[in-house]
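Below: the structure, in structure tokens.
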There are 4 protein chains.
Amino acid sequence: MPFTYNRTIRFSDTDAAGVVYFANTLSICHEAYEESLKVSGINLKDFFTNPAVGFPIVHANVDFFRPLFSGDQVIVNLTPQKIGAERFEINYEIFLTDVLVAKAVTRHVCIDPGSRNKQELPAEIVEWLESFRKEMEGMERRKAREVI
Amino acid sequence: MPFTYNRTIRFSDTDAAGVVYFANTLSICHEAYEESLKVSGINLKDFFTNPAVGFPIVHANVDFFRPLFSGDQVIVNLTPQKIGAERFEINYEIFLTDVLVAKAVTRHVCIDPGSRNKQELPAEIVEWLESFRKEMEGMERRKAREVI
Amino acid sequence: MPFTYNRTIRFSDTDAAGVVYFANTLSICHEAYEESLKVSGINLKDFFTNPAVGFPIVHANVDFFRPLFSGDQVIVNLTPQKIGAERFEINYEIFLTDVLVAKAVTRHVCIDPGSRNKQELPAEIVEWLESFRKEMEGMERRKAREVI
Amino acid sequence: MPFTYNRTIRFSDTDAAGVVYFANTLSICHEAYEESLKVSGINLKDFFTNPAVGFPIVHANVDFFRPLFSGDQVIVNLTPQKIGAERFEINYEIFLTDVLVAKAVTRHVCIDPGSRNKQELPAEIVEWLESFRKEMEGMERRKAREVI
């Protein structure tokens, strides 16, 4: 099951077209990522301020299906996945009362912030990723059983 | 009693100094204002998207006492006050676990968004302002009684 | 030849990791788009404020190769392309002293801002797109001649 | 004479009211500050990324006289002033074709970024401040002479 993040669209998210400025949609996704880390027990201040390891985004993409307005209450569903010893990817789906309004992906690589050399994902991130993987597998097994 | 807004400091709020970028503190205050309007029953989408009346900010000021970091859980206390037929002012105090980290003020004037001419505050805003005034008066009366 | 936009990285572009916040890279690309429209003679105020036609972004993607820091002087090379009667796409390449630091794409669809129905691209945008196409063709013809 | 910074209002500066989002006006002022430092010979990357001394803003205020729209070409006039061994203040005036549209102030204190203890302003900042002070005095002297 994905992690679920509730977010109210703020006036500062919008632009002169009256809707959320496109790039801010990715910021809202990043907030969901931060919240998911926090809920898994990670200290966000340590994680984002002078950390021993960093997770810069090397790729992002986003598709927009509907505009979002000030005051809209959206739900961001987030599913991360390990894609290598030093990499993970996060899928986001943004819903407004059951309608999919946007989809996004961010791809992260683990580095030493000083040298910017790649590093293996640390234990706390692997655990965070594992918690999603196990749930996914459990869901698939349940689905398979239902089919049988 | 002020309106209370809970907010987690996000990575996108910060700058290369590792703390919240100064101007973003005012955005966080504005979010508290939006939330207070919403709780009072105002439809934020109508209020902020092509509205019949607008409330542009004509003055803002902010004092910073402590830095804020990614992941910090702050509370914004908001108290609005009518300061004329066409104007109101909002006071904000941002707390991090009981420590005052910043104070801010925004002053708003009511206009016709087309002509940008000043207008009297509409009923829904006057009610919102009144709800705070009455509570304040109630508090002062209770305090006065306690003194007696 | 692409349109070239010069930009200094600002403190407000950065985050607590000390580098440009990923989503702000797309904002910098959008600035290049705005500047290109302006140089082609389009009035930006009319284009972005209560316009008769809008060009919302339906897809964006970005790849990051190097971090950018406060004060960095980057060049954004922009090449738009018509991809349908109602659509165009823009490719961006961000360079820091000849090193490619990021690549991005935005895909835009032409709509009536009121109904949000799709519309054919208006003349001024077609002209803007054509000016790039002609230059491209000219370049390819010159290259072909050189080969001969 | 103040330092002059030219800036085009960008779509990302605006909000759903069609004009510059109030807090972004302060970001535009901060850009002018960055540009002024750069022109005086200060390396912005060193200044803003892991610096030996920091200059957090302890107070900011801003007055808005006219709205600003996408595409508007504004001029920011900046005048800094030393206000103590560890402090300086910057005054900003934003003009749109000779009309004053906003005024702002930021007050900065010099600190050690590690301990966040106050420190004396370093030589390069004192020089930057002095260059404005001398020009000011020169202007006043010239004015005084004209009166005589």
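Simple scheme: letters A, B, ... for chains in structure tokens order, numbers from 1 for residues in each chain, numbers from 1 for ligands in the order shown.
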
Shell around segment 53-70 of chain D at 6 Å using only C-alpha atoms, local window under 3 positions removed, as a short mmCIF file (atom, residue, chain, number, x, y, z; two decimals) with N, CA and C atoms, in the first residue's frame:
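Here's the written file result26.cif:
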data_model
loop_
_atom_site.label_atom_id
_atom_site.label_comp_id
_atom_site.auth_asym_id
_atom_site.auth_seq_id
_atom_site.Cartn_x
_atom_site.Cartn_y
_atom_site.Cartn_z
N VAL B 58 -0.89 45.20 1.80
CA VAL B 58 -0.27 46.50 1.53
C VAL B 58 0.97 46.73 2.39
N HIS B 59 1.09 45.92 3.43
CA HIS B 59 2.28 46.00 4.31
C HIS B 59 2.51 44.66 4.97
N ALA B 60 3.76 44.30 5.13
CA ALA B 60 4.12 43.10 5.89
C ALA B 60 5.40 43.39 6.64
N ASN B 61 5.52 42.84 7.84
CA ASN B 61 6.82 42.88 8.51
C ASN B 61 7.01 41.61 9.32
N VAL B 62 8.27 41.29 9.56
CA VAL B 62 8.58 40.02 10.21
C VAL B 62 9.89 40.17 10.99
N ASP B 63 9.89 39.62 12.21
CA ASP B 63 11.10 39.58 13.04
C ASP B 63 11.47 38.14 13.29
N PHE B 64 12.74 37.85 13.16
CA PHE B 64 13.24 36.47 13.30
C PHE B 64 14.09 36.37 14.56
N LYS C 45 2.67 40.32 -20.24
CA LYS C 45 1.56 40.62 -19.33
C LYS C 45 0.25 40.10 -19.92
N ILE D 9 9.58 40.55 -14.09
CA ILE D 9 8.68 39.75 -13.26
C ILE D 9 8.37 38.46 -14.01
N ARG D 10 8.56 37.33 -13.32
CA ARG D 10 8.37 36.01 -13.91
C ARG D 10 7.02 35.42 -13.50
N PHE D 11 6.55 34.50 -14.31
CA PHE D 11 5.29 33.81 -14.03
C PHE D 11 5.33 33.13 -12.65
N VAL D 19 -1.04 38.73 -9.81
CA VAL D 19 0.06 39.67 -9.53
C VAL D 19 1.14 38.98 -8.70
N VAL D 20 2.24 39.69 -8.47
CA VAL D 20 3.34 39.09 -7.69
C VAL D 20 2.85 38.73 -6.28
N VAL D 101 6.63 51.24 -6.74
CA VAL D 101 5.59 50.22 -6.54
C VAL D 101 5.72 49.51 -5.20
N ALA D 102 6.92 49.52 -4.62
CA ALA D 102 7.11 48.89 -3.31
C ALA D 102 8.38 49.41 -2.66
N LYS D 103 8.40 49.38 -1.34
CA LYS D 103 9.58 49.74 -0.54
C LYS D 103 9.82 48.62 0.46
N ALA D 104 11.07 48.30 0.72
CA ALA D 104 11.33 47.23 1.68
C ALA D 104 12.62 47.51 2.44
N VAL D 105 12.74 46.84 3.57
CA VAL D 105 13.94 46.91 4.41
C VAL D 105 14.28 45.48 4.85
N THR D 106 15.58 45.14 4.82
CA THR D 106 16.03 43.91 5.49
C THR D 106 17.16 44.30 6.45
N ARG D 107 17.13 43.71 7.65
CA ARG D 107 18.18 43.99 8.64
C ARG D 107 18.94 42.68 8.87
N HIS D 108 20.26 42.76 8.79
CA HIS D 108 21.11 41.57 8.83
C HIS D 108 22.05 41.64 10.02
N VAL D 109 22.29 40.49 10.65
CA VAL D 109 23.28 40.43 11.72
C VAL D 109 24.34 39.42 11.32
N CYS D 110 25.59 39.73 11.66
CA CYS D 110 26.71 38.85 11.28
C CYS D 110 26.91 37.80 12.36
N ILE D 111 26.93 36.53 11.95
CA ILE D 111 27.11 35.44 12.91
C ILE D 111 28.14 34.42 12.42
N ASP D 112 28.62 33.62 13.38
CA ASP D 112 29.35 32.40 13.08
C ASP D 112 28.27 31.34 12.80
N PRO D 113 28.23 30.78 11.58
CA PRO D 113 27.12 29.87 11.24
C PRO D 113 27.06 28.61 12.11
#

Need to verify the contact set: segment 122-127 of chain C, 12 Å, only C-alpha atoms, exclusion of same-chain residues closer than 3 positions in sequence. Can you return it as a count of residues only?
36

Provide the atom CA of Thr8 of chain C to atom CA of Gln73 of chain C distance in Å, to one decimal place.
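Going from atom CA of Thr8 of chain C over to atom CA of Gln73 of chain C covers 4.6 Å.
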
Counting only C-alpha atoms, which residue out of B:Val99, B:Met1, B:Ala23, B:Ile94 sits closest to chain C?
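Nearest candidate to chain C out of B:Val99, B:Met1, B:Ala23, B:Ile94: B:Ala23.
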
May I have the residues of chain C within 7 Å of chain B, counting only C-alpha atoms, written as a ChimeraX atom specification?
/C:11-12,14-19,21

Selection from above, N, CA and C atoms, as a compact mmCIF listing (two decimals), in the first residue's frame, can you write it?
# COMPACT_ATOMS: atom_id res chain seq x y z
N PHE C 11 20.06 32.78 -4.19
CA PHE C 11 19.97 32.12 -2.88
C PHE C 11 18.60 31.47 -2.70
N SER C 12 17.55 32.13 -3.19
CA SER C 12 16.19 31.58 -3.04
C SER C 12 15.97 30.34 -3.92
N THR C 14 18.04 27.87 -3.86
CA THR C 14 18.74 26.76 -3.19
C THR C 14 17.94 26.18 -2.03
N ASP C 15 18.41 25.03 -1.54
CA ASP C 15 17.80 24.39 -0.37
C ASP C 15 18.90 24.04 0.63
N ALA C 16 18.52 23.39 1.72
CA ALA C 16 19.45 23.11 2.80
C ALA C 16 20.59 22.18 2.38
N ALA C 17 20.50 21.55 1.20
CA ALA C 17 21.63 20.75 0.71
C ALA C 17 22.69 21.66 0.08
N GLY C 18 22.40 22.96 0.02
CA GLY C 18 23.38 23.92 -0.47
C GLY C 18 23.33 24.14 -1.97
N VAL C 19 22.47 23.41 -2.64
CA VAL C 19 22.38 23.48 -4.11
C VAL C 19 20.96 23.85 -4.55
N TYR C 21 17.32 23.66 -5.44
CA TYR C 21 16.22 22.73 -5.15
C TYR C 21 15.70 22.19 -6.48

What does the structure give for the distance between atom CA of Tyr92 of chain D and atom CA of Asn6 of chain D, in Å to one decimal?
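Atom CA of Tyr92 of chain D sits 12.7 Å away from atom CA of Asn6 of chain D.
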
Got a sec to tell me which of chain D DSSP assigns to strand (DSSP E or B), as a PyMOL selection string?
chain D and resi 3-8+14+20+54+57-64+73-84+87-96+99-109+111+118

Same residues, C-alpha atoms, saved as a compact mmCIF listing (two decimals), in the first residue's frame:
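Contents of part-v3.txt, as written:
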# COMPACT_ATOMS: atom_id res chain seq x y z
CA PHE D 3 22.85 50.11 -6.54
CA THR D 4 20.41 49.41 -9.37
CA TYR D 5 19.13 45.94 -10.25
CA ASN D 6 16.97 45.22 -13.31
CA ARG D 7 14.48 42.40 -13.03
CA THR D 8 11.69 41.01 -15.21
CA THR D 14 2.82 35.51 -9.43
CA VAL D 20 3.34 39.09 -7.69
CA GLY D 54 26.65 34.28 7.83
CA ILE D 57 17.99 38.51 8.28
CA VAL D 58 16.57 39.41 11.70
CA HIS D 59 13.91 41.81 10.43
CA ALA D 60 12.20 42.58 7.16
CA ASN D 61 9.37 44.88 6.20
CA VAL D 62 7.74 45.77 2.93
CA ASP D 63 5.10 48.24 1.73
CA PHE D 64 3.18 47.65 -1.48
CA GLN D 73 10.37 45.30 -16.01
CA VAL D 74 11.23 46.63 -12.61
CA ILE D 75 14.24 48.42 -11.20
CA VAL D 76 15.28 47.77 -7.61
CA ASN D 77 17.31 50.56 -6.00
CA LEU D 78 19.29 49.26 -3.03
CA THR D 79 21.09 51.24 -0.34
CA PRO D 80 22.81 49.39 2.51
CA GLN D 81 23.95 51.01 5.75
CA LYS D 82 26.07 49.85 8.69
CA ILE D 83 24.00 50.08 11.89
CA GLY D 84 26.48 48.58 14.38
CA ARG D 87 24.76 44.72 11.83
CA PHE D 88 23.68 46.33 8.61
CA GLU D 89 20.37 47.31 7.05
CA ILE D 90 19.36 47.48 3.42
CA ASN D 91 16.72 49.79 1.97
CA TYR D 92 15.06 48.83 -1.30
CA GLU D 93 12.81 50.80 -3.61
CA ILE D 94 11.15 49.01 -6.51
CA PHE D 95 10.20 51.14 -9.51
CA LEU D 96 8.14 50.38 -12.61
CA VAL D 99 6.55 54.82 -10.37
CA LEU D 100 7.46 53.54 -6.89
CA VAL D 101 5.59 50.22 -6.54
CA ALA D 102 7.11 48.89 -3.31
CA LYS D 103 9.58 49.74 -0.54
CA ALA D 104 11.33 47.23 1.68
CA VAL D 105 13.94 46.91 4.41
CA THR D 106 16.03 43.91 5.49
CA ARG D 107 18.18 43.99 8.64
CA HIS D 108 21.11 41.57 8.83
CA VAL D 109 23.28 40.43 11.72
CA ILE D 111 27.11 35.44 12.91
CA LYS D 118 27.29 37.32 16.76

Work out how far apart atom CA of Asp46 of chain B and atom CA of Asp72 of chain A are and give it in Å to one decimal.
10.8 Å
